[in-house]
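What follows is one structure encoded as structure tokens, with my remarks underneath.
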Amino acid sequence: MTPALPYICFISGIGVFYLYQFFPSAALLIFSLLFALLYKKNGRHAFVYAAIVLVAFSYAQFREEPAETKESRITLSLKTRQLQPFSGVVSGLPITTERGYIQEIQLRYPEAGQKTFLSADRPLIPGSLLQGFAYMSTKEPRINPGSRNREPVMFLKTDGTLLLSRDDSIQWLPQRMRWRLYNYFRANFSPDAASLLSAIVIGHRENSSNMLYAAYARTGLAHLMSISGTHFALFTLLTFFLIRYSARWLPYRWLVWLTVRLSLDEIAALLTFPLILLYLLLSGGRIPAMRSFLMINIFLLGLLIGRKGQWLNSLLLAATVILFLDPESLKTISFQLSFLAVFFIGITLETFEGYVQQERFKPALQKLFRLILVTAGALIGTSPLVLYYFHTISTISMPANLIFTPVICFSILPAGVFGGMIYLVTGYFPLKGMLQGAVDIVNSSVSYLSGIGNTALSVGAFPAITLFFIYPAIYFALRKRWRWFILSTTALAAAIILTFISLDRALPKVTFLDVAQGDAAVIESSDGRTIVVDTGYTGREVKDFLRYKGIKAVDALVITHADKDHSGGLWELLSSTTVREVWDNGLLRYSPQLGQEILHRQLEGGDILTSGESRFLALHPRRGYYSISEAEDNNYSLVLRFQDRDLKVLFTGDIEADAEESFFELRKYLPSDVLKVAHHGSKTSSTRAFLDSVNPAAAI
């Protein structure tokens with residue numbers, strides 16, 4: 001029996017379970033093919049392997065939360081949007097917002113069964129016990145294509161009074177250590193330096209570091225802004241070799257005494273373990289760090305028992321352990337990226353190790369080649385999945401990683417971690433000034449590179465099944481199995497052609513996005529132009545949808561009026577997407593001012609803009625209109641009717657009855673196929689006369 005096969009079968013059983021929920025026929029087909037392949041290779045042992053697959057399938061089914069329980073839990077939380085008593089314990093570090101701080105808490109009463117955040121006016125120490133009254137609301141996962149929010153989240157807003165006490169149990173010791181370092185970084189380093197150190201030392205990323213994170217993302221270095229397998233593996237290797245190297249400074253007699261029973265490698269492995277365990281605790285115990293912790297410790301255990309080079313078995317064992325603890329980890333992006341990165345790093349190193357070890361290469365050059373291979377393997381393994389989830393990838397990722405990954409992981413990371421450990425014990429942080437300077441240089445360099453044009457490759461959404469052809473093709477190419485490579489690339493080409501043929505490319509198209517209490521829509525006209533009407537509160541939903549569609553530029557961004565639920569994401573979109581024009585009602589004031597490269601159109605009733613077969617007619621606000629309603633801002637919303645070929649859509653912003661009544665003379669311009677209902681369906685809008693004039697087939 002192959003040692004790796006039981007792990008592969010367990011992982012496959014978990015995967016088949018989740019595939020069966022959506023594609024039962026495909027899941028049964030895959031299981032049948034897997035059994036046939038196992039039987040051909042292993043004979044009667046195939047029945048044992050098939051049993052492992054079935055056990056894993058049943059185990060995942062047993063651990064799955066019933067859909068009825070999920071629905072009732074979410075429904076319960078939605079019905080408590082009023083001042084309610086609550087109790088809980090602070091479990092996370094604070095995140096700064098415009099209105100104060102939010103922190104994750106473990107809610108003890110009422111039982112919510114979902115991630116919960118508390119909004120407060122000051123940061124709270126992890127482990128603090130809370131009692132009080134709060135307004136409770138649930139943020140539902142967005143249902144837009146390209147949305148990254150998968151689970152509902154509950155938010156608590158207190159009435160200003162909290163009864164605090166402290167839980168001194170040892171379970172909160174790691175969080176309190178993270179709290180001390182969080183406060184030290186904020187007080188003693190510049191904001192950007194504190195953001196990077198908090199991200200790589202204690203696994204905490206602030207909202208205030210969004211611009212810095214965007215710069216790292218544009219250069220393909222986003223993985224360095226959170227503790228991942230890269231940080232954990234390189235920190236462990238550095239610690240191991242530093243301990244091993246320092247042994248040469250010991251007196252000879254001590255060295256002989258120490259190595260009577262254990263080799264230097266084994267001693268170094270034993271001394272490395274508590275340090276990486278402490279780093280795991282400081283990191284917050286996230287899945288990528290736990291996966292690396294398991295893998296590295298299995299490697300260290302291999303050193304102790306004299307078994308080296310079994311990286312694949314270590315990887316599969318780590319996967320099996322994590323999936324046993326939480327089968328749903330298989331569906332998380334971090335789990336998938338981490339395992340693919342390690343797998344293809346191992347394959348790449350194995351494939352080219354013979355070339356690297358040639359005698360003509362000096363040891364320093366061999367190490368450089370291995371560093372290049374590690375970076376290349378990680379990029380090869382993760383790039384298809386990054387494109388699938390995020391629809392963009394940096395074109396300078398390879399050189400950027402070759403430069404910055406070693407600098408951060410072999411200098412800034414150990415200085416931050418060891419300095420943090422010393423600070424926790426003594427209250428003194430060594431080499432703070434040097435660390436500040438090094439972090440400033442790295443952050444400035446990354447920000448400069450991110451400003452270079454055309455550093456990102458954008459790709460629209462493609463079916464997940466394509467990945468099942470891409471990764472075998474990459475694997476067979478690295479293994480130099482050319483016949484299988486040709487077969488897999490042929491299947492990949494066929495899948496791409498079929499996907500392209502089946503795409504719905506009919507235009508025009510208008511997509512109304514789920515932005516909770518707010519408005520946002522994306523228009524794709526018949527002549528290929530993209531117009532965004534309103535942004536919602538954050539603009540993130542619009543940004544994610546544009547990336548999902550592979551849209552790189554917005555021809556016009558329409559802001560109907562200044563309310564945050566319509567315009568709050570303006571600057572998010574302007575900073576992340578090329579926007580050529582901004583249209584508004586002529587009453588908005590921008591701070592800061594719009595860039596000179598953006599054409600600003602201030603529209604009023606009667607204005608017409610055309611492009612190809614598409615046409616925008618501005619119906620409101622008309623010159624001479626004066627609102628007699630208290631909702632003055634709403635009644636001055638920009639109202640547009642979009643017409644393209646046979647499609648007519650009326651966008652009404654937040655106008656109310658007063659503005660609707662002013663359309664009496666414009667009745668002939670109102671009939672539309674689709675009506676964006678005014679003011680989110682409020683009772684102060686949508687009068688009978690107005691609806692009769694529009695006479696829509698559908699209302700949003």
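Following the order of the structure tokens, chains are lettered A, B, ..., residues in each are numbered from 1, and ligands are numbered from 1.
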
Write out as a PDB file with C-alpha atoms, in the first residue's frame which residues come within 8 Å of Leu340 (chain A) when counting only C-alpha atoms, dropping same-chain ones fewer than 2 positions away.
```pdb
ATOM      1  CA  GLN A 336      -6.605  25.854  -1.313  1.00  0.00           C
ATOM      2  CA  LEU A 337      -3.924  28.451  -2.044  1.00  0.00           C
ATOM      3  CA  SER A 338      -1.633  27.229   0.726  1.00  0.00           C
ATOM      4  CA  VAL A 342       3.402  23.909  -1.222  1.00  0.00           C
ATOM      5  CA  PHE A 343       2.539  21.080  -3.629  1.00  0.00           C
ATOM      6  CA  PHE A 344       3.915  22.842  -6.691  1.00  0.00           C
ATOM      7  CA  ALA A 378       4.386  28.972  -5.694  1.00  0.00           C
ATOM      8  CA  GLY A 381       0.556  26.607  -8.312  1.00  0.00           C
ATOM      9  CA  THR A 382      -1.504  29.574  -7.188  1.00  0.00           C
TER      10      THR A 382
END
```

What's the 10 Å shell around Leu224 (chain A), counting only C-alpha atoms, without same-chain residues fewer than 4 positions away, as a short mmCIF file (atom, residue, chain, number, x, y, z; two decimals) with C-alpha atoms, in the first residue's frame?
```
data_model
loop_
_atom_site.label_atom_id
_atom_site.label_comp_id
_atom_site.auth_asym_id
_atom_site.auth_seq_id
_atom_site.Cartn_x
_atom_site.Cartn_y
_atom_site.Cartn_z
CA LEU A 196 3.05 45.69 8.04
CA ALA A 199 0.12 41.87 9.64
CA ILE A 200 3.19 39.61 9.62
CA TYR A 213 -2.50 46.50 1.03
CA TYR A 216 1.13 45.00 -2.22
CA ALA A 217 -1.73 43.39 -4.17
CA GLY A 220 1.69 40.37 -6.43
CA SER A 228 0.70 32.57 5.42
CA GLY A 229 2.61 29.36 4.80
CA THR A 230 5.45 31.42 3.30
CA HIS A 231 6.04 33.34 6.54
CA ASN A 401 8.61 38.14 -4.98
CA PHE A 404 10.80 41.35 -1.39
CA THR A 405 9.90 37.88 -0.07
CA ILE A 408 10.66 40.54 4.51
CA CYS A 409 10.79 36.89 5.60
#
```

DSSP strand (DSSP E) selection over region 379-600 of chain A, as a ChimeraX atom specification:
/A:392-394,456-458,509-512,520-524,530-535,553-554,556-558,578-579,581-584,599-600

Restrict the selected residues to N, CA and C atoms and save them as an mmCIF file, in the first residue's frame.
```cif
data_model
loop_
_atom_site.group_PDB
_atom_site.id
_atom_site.type_symbol
_atom_site.label_atom_id
_atom_site.label_comp_id
_atom_site.auth_asym_id
_atom_site.auth_seq_id
_atom_site.Cartn_x
_atom_site.Cartn_y
_atom_site.Cartn_z
ATOM 1 N N THR A 392 -7.730 38.796 -11.310
ATOM 2 C CA THR A 392 -6.599 39.659 -11.654
ATOM 3 C C THR A 392 -5.331 39.075 -11.056
ATOM 4 N N ILE A 393 -4.209 39.337 -11.726
ATOM 5 C CA ILE A 393 -2.920 38.857 -11.227
ATOM 6 C C ILE A 393 -1.848 39.835 -11.679
ATOM 7 N N SER A 394 -0.824 40.018 -10.850
ATOM 8 C CA SER A 394 0.222 40.983 -11.153
ATOM 9 C C SER A 394 1.185 40.433 -12.203
ATOM 10 N N ALA A 456 -1.091 44.805 -13.784
ATOM 11 C CA ALA A 456 -2.111 43.817 -13.426
ATOM 12 C C ALA A 456 -2.762 43.248 -14.682
ATOM 13 N N LEU A 457 -2.925 41.937 -14.689
ATOM 14 C CA LEU A 457 -3.616 41.246 -15.769
ATOM 15 C C LEU A 457 -4.998 40.847 -15.274
ATOM 16 N N SER A 458 -6.041 41.352 -15.944
ATOM 17 C CA SER A 458 -7.421 41.071 -15.534
ATOM 18 C C SER A 458 -8.044 40.056 -16.467
ATOM 19 N N LYS A 509 -27.219 44.983 -21.395
ATOM 20 C CA LYS A 509 -27.496 44.250 -20.170
ATOM 21 C C LYS A 509 -27.369 45.208 -18.982
ATOM 22 N N VAL A 510 -28.330 45.124 -18.061
ATOM 23 C CA VAL A 510 -28.297 45.945 -16.845
ATOM 24 C C VAL A 510 -28.332 45.007 -15.642
ATOM 25 N N THR A 511 -27.347 45.120 -14.767
ATOM 26 C CA THR A 511 -27.255 44.279 -13.573
ATOM 27 C C THR A 511 -27.445 45.142 -12.337
ATOM 28 N N PHE A 512 -28.495 44.839 -11.557
ATOM 29 C CA PHE A 512 -28.722 45.531 -10.288
ATOM 30 C C PHE A 512 -28.053 44.715 -9.181
ATOM 31 N N ALA A 520 -27.022 50.300 -6.496
ATOM 32 C CA ALA A 520 -25.885 50.215 -7.415
ATOM 33 C C ALA A 520 -26.307 49.354 -8.591
ATOM 34 N N ALA A 521 -25.992 49.801 -9.792
ATOM 35 C CA ALA A 521 -26.314 49.052 -10.999
ATOM 36 C C ALA A 521 -25.191 49.235 -12.002
ATOM 37 N N VAL A 522 -24.990 48.217 -12.835
ATOM 38 C CA VAL A 522 -23.968 48.266 -13.882
ATOM 39 C C VAL A 522 -24.645 48.041 -15.222
ATOM 40 N N ILE A 523 -24.456 49.013 -16.135
ATOM 41 C CA ILE A 523 -25.032 48.943 -17.473
ATOM 42 C C ILE A 523 -23.932 48.565 -18.461
ATOM 43 N N GLU A 524 -24.203 47.543 -19.276
ATOM 44 C CA GLU A 524 -23.311 47.182 -20.387
ATOM 45 C C GLU A 524 -24.089 47.436 -21.675
ATOM 46 N N THR A 530 -19.453 50.730 -20.531
ATOM 47 C CA THR A 530 -19.868 50.345 -19.180
ATOM 48 C C THR A 530 -20.203 51.593 -18.393
ATOM 49 N N ILE A 531 -21.410 51.646 -17.851
ATOM 50 C CA ILE A 531 -21.860 52.778 -17.047
ATOM 51 C C ILE A 531 -22.321 52.247 -15.696
ATOM 52 N N VAL A 532 -21.823 52.816 -14.629
ATOM 53 C CA VAL A 532 -22.212 52.441 -13.264
ATOM 54 C C VAL A 532 -23.136 53.521 -12.715
ATOM 55 N N VAL A 533 -24.299 53.110 -12.215
ATOM 56 C CA VAL A 533 -25.260 54.045 -11.627
ATOM 57 C C VAL A 533 -25.295 53.809 -10.121
ATOM 58 N N ASP A 534 -24.717 54.740 -9.366
ATOM 59 C CA ASP A 534 -24.607 54.689 -7.907
ATOM 60 C C ASP A 534 -23.668 53.563 -7.464
ATOM 61 N N THR A 535 -23.207 53.656 -6.211
ATOM 62 C CA THR A 535 -22.133 52.768 -5.753
ATOM 63 C C THR A 535 -22.472 51.974 -4.502
ATOM 64 N N ALA A 553 -12.327 49.238 -17.242
ATOM 65 C CA ALA A 553 -12.568 50.684 -17.185
ATOM 66 C C ALA A 553 -14.063 50.954 -17.211
ATOM 67 N N VAL A 554 -14.452 52.010 -16.510
ATOM 68 C CA VAL A 554 -15.844 52.462 -16.476
ATOM 69 C C VAL A 554 -15.932 53.728 -17.312
ATOM 70 N N ALA A 556 -18.584 55.745 -17.604
ATOM 71 C CA ALA A 556 -19.259 56.811 -16.865
ATOM 72 C C ALA A 556 -19.734 56.271 -15.521
ATOM 73 N N LEU A 557 -19.504 57.062 -14.476
ATOM 74 C CA LEU A 557 -19.998 56.751 -13.136
ATOM 75 C C LEU A 557 -21.057 57.790 -12.790
ATOM 76 N N VAL A 558 -22.287 57.332 -12.592
ATOM 77 C CA VAL A 558 -23.413 58.225 -12.319
ATOM 78 C C VAL A 558 -23.687 58.237 -10.821
ATOM 79 N N THR A 578 -10.318 52.543 -13.510
ATOM 80 C CA THR A 578 -10.241 53.688 -14.416
ATOM 81 C C THR A 578 -11.655 54.177 -14.721
ATOM 82 N N VAL A 579 -11.957 55.408 -14.323
ATOM 83 C CA VAL A 579 -13.265 56.017 -14.565
ATOM 84 C C VAL A 579 -13.053 57.225 -15.472
ATOM 85 N N GLU A 581 -15.610 59.298 -16.924
ATOM 86 C CA GLU A 581 -16.522 60.413 -16.713
ATOM 87 C C GLU A 581 -17.307 60.201 -15.425
ATOM 88 N N VAL A 582 -17.698 61.305 -14.784
ATOM 89 C CA VAL A 582 -18.605 61.284 -13.635
ATOM 90 C C VAL A 582 -19.789 62.185 -13.961
ATOM 91 N N TRP A 583 -21.004 61.632 -13.819
ATOM 92 C CA TRP A 583 -22.227 62.404 -14.048
ATOM 93 C C TRP A 583 -22.947 62.578 -12.715
ATOM 94 N N ASP A 584 -23.500 63.764 -12.478
ATOM 95 C CA ASP A 584 -24.301 63.984 -11.279
ATOM 96 C C ASP A 584 -25.379 65.020 -11.578
ATOM 97 N N LEU A 599 -13.740 63.535 -16.889
ATOM 98 C CA LEU A 599 -14.700 64.517 -17.398
ATOM 99 C C LEU A 599 -15.914 64.549 -16.472
ATOM 100 N N HIS A 600 -16.225 65.724 -15.936
ATOM 101 C CA HIS A 600 -17.333 65.878 -14.994
ATOM 102 C C HIS A 600 -18.528 66.500 -15.718
#
```

Residue contacts of region 52-64 of chain A (7 Å, only C-alpha atoms) excluding same-chain residues fewer than 6 positions away, as a PyMOL selection string:
chain A and resi 6+9-10+12-14+16-17+327

Requested write-out: N, CA and C atoms of the selected residues, as a PDB file, in the first residue's frame:
```
ATOM      1  N   PRO A   6      -3.908   6.565   1.486  1.00  0.00           N
ATOM      2  CA  PRO A   6      -4.991   6.771   2.463  1.00  0.00           C
ATOM      3  C   PRO A   6      -5.322   8.249   2.669  1.00  0.00           C
ATOM      4  N   CYS A   9      -7.242   9.488  -0.374  1.00  0.00           N
ATOM      5  CA  CYS A   9      -8.615   8.984  -0.368  1.00  0.00           C
ATOM      6  C   CYS A   9      -9.486   9.753   0.627  1.00  0.00           C
ATOM      7  N   PHE A  10      -8.927  10.068   1.803  1.00  0.00           N
ATOM      8  CA  PHE A  10      -9.699  10.831   2.786  1.00  0.00           C
ATOM      9  C   PHE A  10     -10.030  12.219   2.245  1.00  0.00           C
ATOM     10  N   SER A  12     -10.144  13.114  -0.864  1.00  0.00           N
ATOM     11  CA  SER A  12     -11.073  12.953  -1.988  1.00  0.00           C
ATOM     12  C   SER A  12     -12.497  12.734  -1.500  1.00  0.00           C
ATOM     13  N   GLY A  13     -12.651  11.975  -0.411  1.00  0.00           N
ATOM     14  CA  GLY A  13     -13.983  11.734   0.133  1.00  0.00           C
ATOM     15  C   GLY A  13     -14.652  13.023   0.593  1.00  0.00           C
ATOM     16  N   ILE A  14     -13.872  13.900   1.237  1.00  0.00           N
ATOM     17  CA  ILE A  14     -14.409  15.205   1.649  1.00  0.00           C
ATOM     18  C   ILE A  14     -14.812  16.007   0.415  1.00  0.00           C
ATOM     19  N   VAL A  16     -15.583  14.916  -2.639  1.00  0.00           N
ATOM     20  CA  VAL A  16     -16.738  14.324  -3.318  1.00  0.00           C
ATOM     21  C   VAL A  16     -18.037  14.697  -2.605  1.00  0.00           C
ATOM     22  N   PHE A  17     -18.003  14.796  -1.265  1.00  0.00           N
ATOM     23  CA  PHE A  17     -19.204  15.171  -0.527  1.00  0.00           C
ATOM     24  C   PHE A  17     -19.685  16.561  -0.933  1.00  0.00           C
ATOM     25  N   PRO A 327     -13.966  19.915   8.208  1.00  0.00           N
ATOM     26  CA  PRO A 327     -14.083  19.550   6.789  1.00  0.00           C
ATOM     27  C   PRO A 327     -14.355  20.740   5.874  1.00  0.00           C
TER      28      PRO A 327
END
```

Choose the residue, out of A:Ala516, A:Ala247, A:Leu37, A:Ile628, that has the smallest atom-to-atom separation from Ile143 (chain A); count only C-alpha atoms.
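Looking only at the distances to Ile143 (chain A), the closest residue turns out to be A:Ala516.
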
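Take CA of Leu312 (chain A) and CA of Ala4 (chain A): the distance between them is 7.7 Å.
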